[in-house]
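The data block below is input17.pdb; it holds PDB, C-alpha atoms.
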```
ATOM      1  CA  MET A  17       0.000   0.000   0.000
ATOM      2  CA  LYS A  18       2.790   2.441   0.840
ATOM      3  CA  LYS A  19       4.354   1.915  -2.597
ATOM      4  CA  LEU A  20       1.077   2.838  -4.288
ATOM      5  CA  ILE A  21       0.765   5.968  -2.144
ATOM      6  CA  PHE A  22       4.363   6.952  -3.018
ATOM      7  CA  ILE A  23       3.496   6.544  -6.696
ATOM      8  CA  LEU A  24       0.355   8.636  -6.279
ATOM      9  CA  MET A  25       2.277  11.389  -4.517
ATOM     10  CA  ALA A  26       4.971  11.260  -7.196
ATOM     11  CA  ILE A  27       2.617  11.748 -10.098
ATOM     12  CA  VAL A  28       0.594  14.446  -8.301
ATOM     13  CA  GLY A  29       3.838  16.346  -7.774
ATOM     14  CA  LEU A  30       5.100  15.559 -11.296
ATOM     15  CA  GLY A  31       7.330  12.946  -9.771
ATOM     16  CA  CYS A  32       9.208  15.278  -7.502
ATOM     17  CA  SER A  33       8.942  16.952  -4.155
ATOM     18  CA  ASN A  34      10.005  19.973  -6.169
ATOM     19  CA  VAL A  35      11.019  20.348  -9.797
ATOM     20  CA  SER A  36      14.722  20.673  -9.028
ATOM     21  CA  ASP A  37      14.700  17.162  -7.489
ATOM     22  CA  CYS A  38      13.357  15.597 -10.667
ATOM     23  CA  THR A  39      15.982  14.514 -13.175
ATOM     24  CA  ASN A  40      13.706  12.872 -15.719
ATOM     25  CA  LEU A  41      10.011  12.560 -16.460
ATOM     26  CA  LYS A  42       9.183  10.454 -19.495
ATOM     27  CA  ILE A  43       5.690  10.155 -20.868
ATOM     28  CA  ASN A  44       5.281   7.467 -23.528
ATOM     29  CA  GLY A  45       9.055   7.537 -23.920
ATOM     30  CA  VAL A  46       9.386  11.327 -24.395
ATOM     31  CA  ASN A  47      11.553  13.141 -21.831
ATOM     32  CA  MET A  48       9.193  15.930 -20.803
ATOM     33  CA  LEU A  49      11.841  17.906 -18.918
ATOM     34  CA  ALA A  50      13.826  18.194 -22.147
ATOM     35  CA  ALA A  51      10.728  18.821 -24.288
ATOM     36  CA  PRO A  52      10.195  22.280 -25.765
ATOM     37  CA  PRO A  53       8.228  24.796 -23.673
ATOM     38  CA  GLY A  54       4.503  24.244 -23.883
ATOM     39  CA  ALA A  55       4.740  20.497 -24.549
ATOM     40  CA  VAL A  56       2.332  19.093 -21.999
ATOM     41  CA  ASN A  57       2.138  15.550 -23.308
ATOM     42  CA  PRO A  58       2.539  13.893 -26.688
ATOM     43  CA  ASP A  59      -0.793  12.099 -26.368
ATOM     44  CA  ASP A  60      -3.814  13.933 -27.825
ATOM     45  CA  LEU A  61      -6.377  12.406 -25.446
ATOM     46  CA  THR A  62      -4.231  13.275 -22.439
ATOM     47  CA  ARG A  63      -3.867  16.839 -23.735
ATOM     48  CA  ALA A  64      -7.660  17.131 -24.240
ATOM     49  CA  ILE A  65      -8.275  15.809 -20.705
ATOM     50  CA  TYR A  66      -5.705  18.230 -19.266
ATOM     51  CA  ASN A  67      -7.408  21.135 -21.072
ATOM     52  CA  GLY A  68     -10.922  19.959 -20.146
ATOM     53  CA  ASP A  69     -11.829  19.931 -23.839
ATOM     54  CA  MET A  70     -15.085  17.925 -23.824
ATOM     55  CA  ASP A  71     -15.603  18.287 -27.593
ATOM     56  CA  GLY A  72     -12.005  17.287 -28.296
ATOM     57  CA  ILE A  73     -12.294  14.220 -26.061
ATOM     58  CA  GLN A  74     -15.558  13.201 -27.710
ATOM     59  CA  ASN A  75     -14.098  13.689 -31.217
ATOM     60  CA  LEU A  76     -11.045  11.588 -30.341
ATOM     61  CA  LEU A  77     -13.213   8.810 -28.892
ATOM     62  CA  PHE A  78     -15.546   8.846 -31.913
ATOM     63  CA  GLY A  79     -12.409   8.801 -34.065
ATOM     64  CA  GLY A  80     -11.288   5.515 -32.557
ATOM     65  CA  VAL A  81      -9.038   6.483 -29.635
ATOM     66  CA  SER A  82      -9.592   3.907 -26.910
ATOM     67  CA  PRO A  83     -11.034   5.187 -23.617
ATOM     68  CA  ASN A  84      -9.133   2.275 -22.037
ATOM     69  CA  ARG A  85      -5.680   3.000 -23.440
ATOM     70  CA  THR A  86      -2.939   3.810 -20.976
ATOM     71  CA  VAL A  87      -0.164   6.360 -20.900
ATOM     72  CA  ARG A  88       3.101   5.129 -19.420
ATOM     73  CA  TYR A  89       4.818   7.591 -17.111
ATOM     74  CA  GLU A  90       8.436   7.012 -16.152
ATOM     75  CA  ILE A  91       9.682   9.221 -13.365
ATOM     76  CA  ILE A  92      13.300   9.311 -12.292
ATOM     77  CA  ILE A  93      14.120  11.306  -9.194
ATOM     78  CA  GLU A  94      17.662  11.984  -8.033
ATOM     79  CA  GLY A  95      18.932   9.025  -6.092
ATOM     80  CA  ASP A  96      17.482   5.555  -6.366
ATOM     81  CA  HIS A  97      13.861   6.504  -6.982
ATOM     82  CA  HIS A  98      12.664   5.256 -10.344
ATOM     83  CA  LEU A  99       8.934   4.947 -10.877
ATOM     84  CA  GLN A 100       6.937   3.652 -13.789
ATOM     85  CA  LEU A 101       3.208   3.839 -13.835
ATOM     86  CA  GLU A 102       0.376   3.654 -16.273
ATOM     87  CA  LEU A 103      -2.668   5.863 -16.153
ATOM     88  CA  SER A 104      -5.963   5.400 -17.956
ATOM     89  CA  PRO A 105      -7.984   8.405 -19.127
ATOM     90  CA  ILE A 106     -10.167   8.146 -16.004
ATOM     91  CA  ALA A 107      -7.075   8.154 -13.776
ATOM     92  CA  GLU A 108      -5.747  11.201 -15.649
ATOM     93  CA  VAL A 109      -9.027  13.004 -14.937
ATOM     94  CA  ILE A 110      -8.698  12.152 -11.240
ATOM     95  CA  PHE A 111      -5.197  13.615 -11.067
ATOM     96  CA  ASN A 112      -5.990  16.696 -13.132
ATOM     97  CA  TYR A 113      -9.313  17.650 -11.544
ATOM     98  CA  SER A 114      -8.867  16.837  -7.869
ATOM     99  CA  GLY A 115      -7.713  19.572  -5.590
ATOM    100  CA  ASN A 116      -7.600  21.124  -2.180
ATOM    101  CA  PRO A 117     -11.017  22.219  -0.860
ATOM    102  CA  SER A 118      -9.529  25.593   0.167
ATOM    103  CA  ASP A 119      -8.798  26.349  -3.523
ATOM    104  CA  PRO A 120     -11.485  28.706  -4.909
ATOM    105  CA  ASP A 121     -11.666  26.630  -8.115
ATOM    106  CA  PHE A 122     -12.067  23.323  -6.251
ATOM    107  CA  VAL A 123     -15.826  22.851  -6.742
ATOM    108  CA  ARG A 124     -15.711  23.851 -10.417
ATOM    109  CA  ASN A 125     -12.748  21.544 -11.097
ATOM    110  CA  GLU A 126     -14.318  18.598  -9.294
ATOM    111  CA  GLN A 127     -17.587  19.077 -11.195
ATOM    112  CA  LYS A 128     -15.657  19.178 -14.480
ATOM    113  CA  GLY A 129     -13.828  15.998 -13.456
ATOM    114  CA  CYS A 130     -17.137  14.227 -12.812
ATOM    115  CA  LEU A 131     -18.449  15.266 -16.236
ATOM    116  CA  LEU A 132     -15.261  14.006 -17.898
ATOM    117  CA  ILE A 133     -15.478  10.668 -16.055
ATOM    118  CA  GLU A 134     -19.110  10.288 -17.133
ATOM    119  CA  LEU A 135     -18.177  11.105 -20.755
ATOM    120  CA  LEU A 136     -15.338   8.564 -20.781
ATOM    121  CA  ILE A 137     -17.526   5.832 -19.264
ATOM    122  CA  LYS A 138     -20.304   6.652 -21.741
ATOM    123  CA  HIS A 139     -17.740   5.925 -24.479
ATOM    124  CA  GLY A 140     -16.731   2.602 -22.938
ATOM    125  CA  ALA A 141     -14.036   3.451 -20.375
ATOM    126  CA  ASN A 142     -13.720   0.737 -17.745
ATOM    127  CA  PRO A 143     -14.112   2.222 -14.233
ATOM    128  CA  ASN A 144     -12.452  -0.917 -12.823
ATOM    129  CA  MET A 145      -9.417  -0.954 -15.127
ATOM    130  CA  ARG A 146      -6.315  -2.232 -13.335
ATOM    131  CA  LEU A 147      -3.354   0.113 -13.427
ATOM    132  CA  THR A 148      -0.032   0.338 -11.590
ATOM    133  CA  GLU A 149       0.133  -1.912  -8.525
ATOM    134  CA  GLY A 150      -3.304  -3.301  -9.401
ATOM    135  CA  ALA A 151      -4.958  -0.022  -8.448
ATOM    136  CA  THR A 152      -8.266   0.962  -9.972
ATOM    137  CA  PRO A 153      -9.310   4.583 -10.542
ATOM    138  CA  LEU A 154     -11.292   4.304  -7.295
ATOM    139  CA  HIS A 155      -8.089   3.371  -5.419
ATOM    140  CA  MET A 156      -6.422   6.424  -6.911
ATOM    141  CA  THR A 157      -9.293   8.680  -5.864
ATOM    142  CA  CYS A 158      -9.065   7.404  -2.274
ATOM    143  CA  GLY A 159      -5.271   7.478  -2.256
ATOM    144  CA  GLN A 160      -5.281  11.204  -2.856
ATOM    145  CA  PHE A 161      -6.586  11.767   0.662
ATOM    146  CA  CYS A 162      -2.937  11.370   1.744
ATOM    147  CA  GLU A 163      -2.113  14.639  -0.034
ATOM    148  CA  GLY A 164      -5.107  16.490   1.411
ATOM    149  CA  ILE A 165      -6.742  16.273  -2.011
ATOM    150  CA  MET A 166     -10.395  15.414  -1.749
ATOM    151  CA  SER A 167     -12.279  13.709  -4.554
ATOM    152  CA  SER A 168     -15.520  12.668  -2.884
ATOM    153  CA  LYS A 169     -17.725  13.616  -5.844
ATOM    154  CA  MET A 170     -15.470  11.755  -8.265
ATOM    155  CA  PHE A 171     -15.547   8.778  -5.889
ATOM    156  CA  ALA A 172     -19.363   8.903  -5.902
ATOM    157  CA  THR A 173     -19.476   9.278  -9.702
ATOM    158  CA  LEU A 174     -17.217   6.263 -10.186
ATOM    159  CA  VAL A 175     -19.300   4.120  -7.806
ATOM    160  CA  GLU A 176     -22.520   5.258  -9.486
ATOM    161  CA  LYS A 177     -21.013   4.262 -12.864
ATOM    162  CA  GLY A 178     -20.006   0.774 -11.716
ATOM    163  CA  ALA A 179     -16.657   1.069  -9.931
ATOM    164  CA  ASP A 180     -16.143  -1.795  -7.469
ATOM    165  CA  ARG A 181     -15.658  -0.527  -3.893
ATOM    166  CA  GLY A 182     -14.454  -3.988  -2.905
ATOM    167  CA  ALA A 183     -11.699  -4.241  -5.555
ATOM    168  CA  ARG A 184      -8.319  -5.114  -4.078
ATOM    169  CA  ASN A 185      -4.994  -3.807  -5.360
ATOM    170  CA  ASP A 186      -1.809  -5.907  -5.474
ATOM    171  CA  ASP A 187      -1.329  -5.334  -1.723
ATOM    172  CA  GLY A 188      -4.851  -6.609  -1.004
ATOM    173  CA  ASP A 189      -6.209  -3.180  -0.092
ATOM    174  CA  THR A 190      -9.641  -1.905  -1.065
ATOM    175  CA  PRO A 191     -10.116   1.793  -1.896
ATOM    176  CA  ILE A 192     -11.621   2.381   1.553
ATOM    177  CA  ASP A 193      -8.559   0.731   3.162
ATOM    178  CA  LEU A 194      -6.430   3.521   1.691
ATOM    179  CA  ILE A 195      -8.572   6.165   3.375
ATOM    180  CA  ARG A 196      -8.481   4.304   6.697
ATOM    181  CA  PHE A 197      -4.694   3.950   6.451
ATOM    182  CA  PHE A 198      -4.260   7.721   6.381
ATOM    183  CA  GLU A 199      -6.886   8.541   8.998
ATOM    184  CA  HIS A 200      -4.608   7.161  11.715
TER     185      HIS A 200
END
```
Let's see the structure in the file written out as structure tokens.
Amino acid sequence: MKKLIFILMAIVGLGCSNVSDCTNLKINGVNMLAAPPGAVNPDDLTRAIYNGDMDGIQNLLFGGVSPNRTVRYEIIIEGDHHLQLELSPIAEVIFNYSGNPSDPDFVRNEQKGCLLIELLIKHGANPNMRLTEGATPLHMTCGQFCEGIMSSKMFATLVEKGADRGARNDDGDTPIDLIRFFEH
């Protein structure tokens, strides 16, 4: 469970406690720290999710882009930390549209995230897709509590759309186990 939480914290912070600690962030094999300014990600669906472009997402999905494809992130932090993880479009929404409740844009961002999750599921995205460490998007939503990032509406949207609250990751933890772990 701790390894999953470390991975979640790494990707939320772009793989680094601060940018100067990060020596390499590869997305689908492209070193993003060496990429030209403005290059967010080489994947069009990821870029549309990041920008909250509902029409763009829908056009890509109608055009044949899989709502269940994954993007492989490789994060190398100074020292011995080397992380690889895969995120589905739903997981990318969770990371991009969660936030701290004290942020004035929190409610708007979380609502947008719920709409994006619903759109992806409508187009066939699997809300129980297994990702890094056997985590589902619901695990990732719950795991963000460790960073003070609340995603209760996205959690509810995923459950309403068929996410399994009893799914266990590779460590045998359910999504609720992750919340309980950090409440103590």
*Given the choices A:Gly79, A:Gly188, A:Gly72, A:Pro105, which gets closest to Ala151 of chain A if the distance is worked out from only C-alpha atoms?*
A:Gly188
*Return as number ranges by chain the set of residues that the PyMOL selection byres ((chain A and resi 73) around 9) yields on the displayed structure.*
A: 60-62, 64-65, 68-72, 74-78, 132, 135-136
*asked:* Please return as a list in words every residue within 9 Å of (-12.2, 15.2, -5.7), taking into account only C-alpha atoms and the file's own coordinates.
replied: Ile110, Phe111, Tyr113, Ser114, Gly115, Asn116, Pro117, Phe122, Val123, Asn125, Glu126, Gln127, Gly129, Cys130, Thr157, Gln160, Ile165, Met166, Ser167, Ser168, Lys169, Met170 and Phe171 of chain A
*What does the distance between atom CA of Ile133 of chain A and atom CA of Arg196 of chain A come to in Å, to one decimal place?*
24.6 Å
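Reported to one decimal place, the separation of atom CA of Asn185 of chain A from atom CA of Val81 of chain A is 26.7 Å.
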_For atom CA of Leu131 of chain A and atom CA of Leu147 of chain A, the interatomic separation in Å (one decimal)_ =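 Calculated distance between atom CA of Leu131 of chain A and atom CA of Leu147 of chain A is 21.6 Å.
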*Could you expand the PyMOL selection byres ((chain A and resi 102) around 9) into the explicit residues it covers here, written as a ChimeraX atom specification?*
/A:86-90,100-101,103-104,147-148
*Residues returned when the PyMOL selection byres ((chain A and resi 152) around 12) runs on this file, as a PyMOL selection string*: chain A and resi 20+102-108+110+142-151+153-159+171+174-175+178-186+189-191
_Contacts of Gly140 of chain A at 9 Å (all atoms listed in the file; same-chain gap of 5+ positions) as a list in words_ =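 After dropping sequence-adjacent residues, the list is Ser82, Pro83, Asn84 and Leu135 of chain A.
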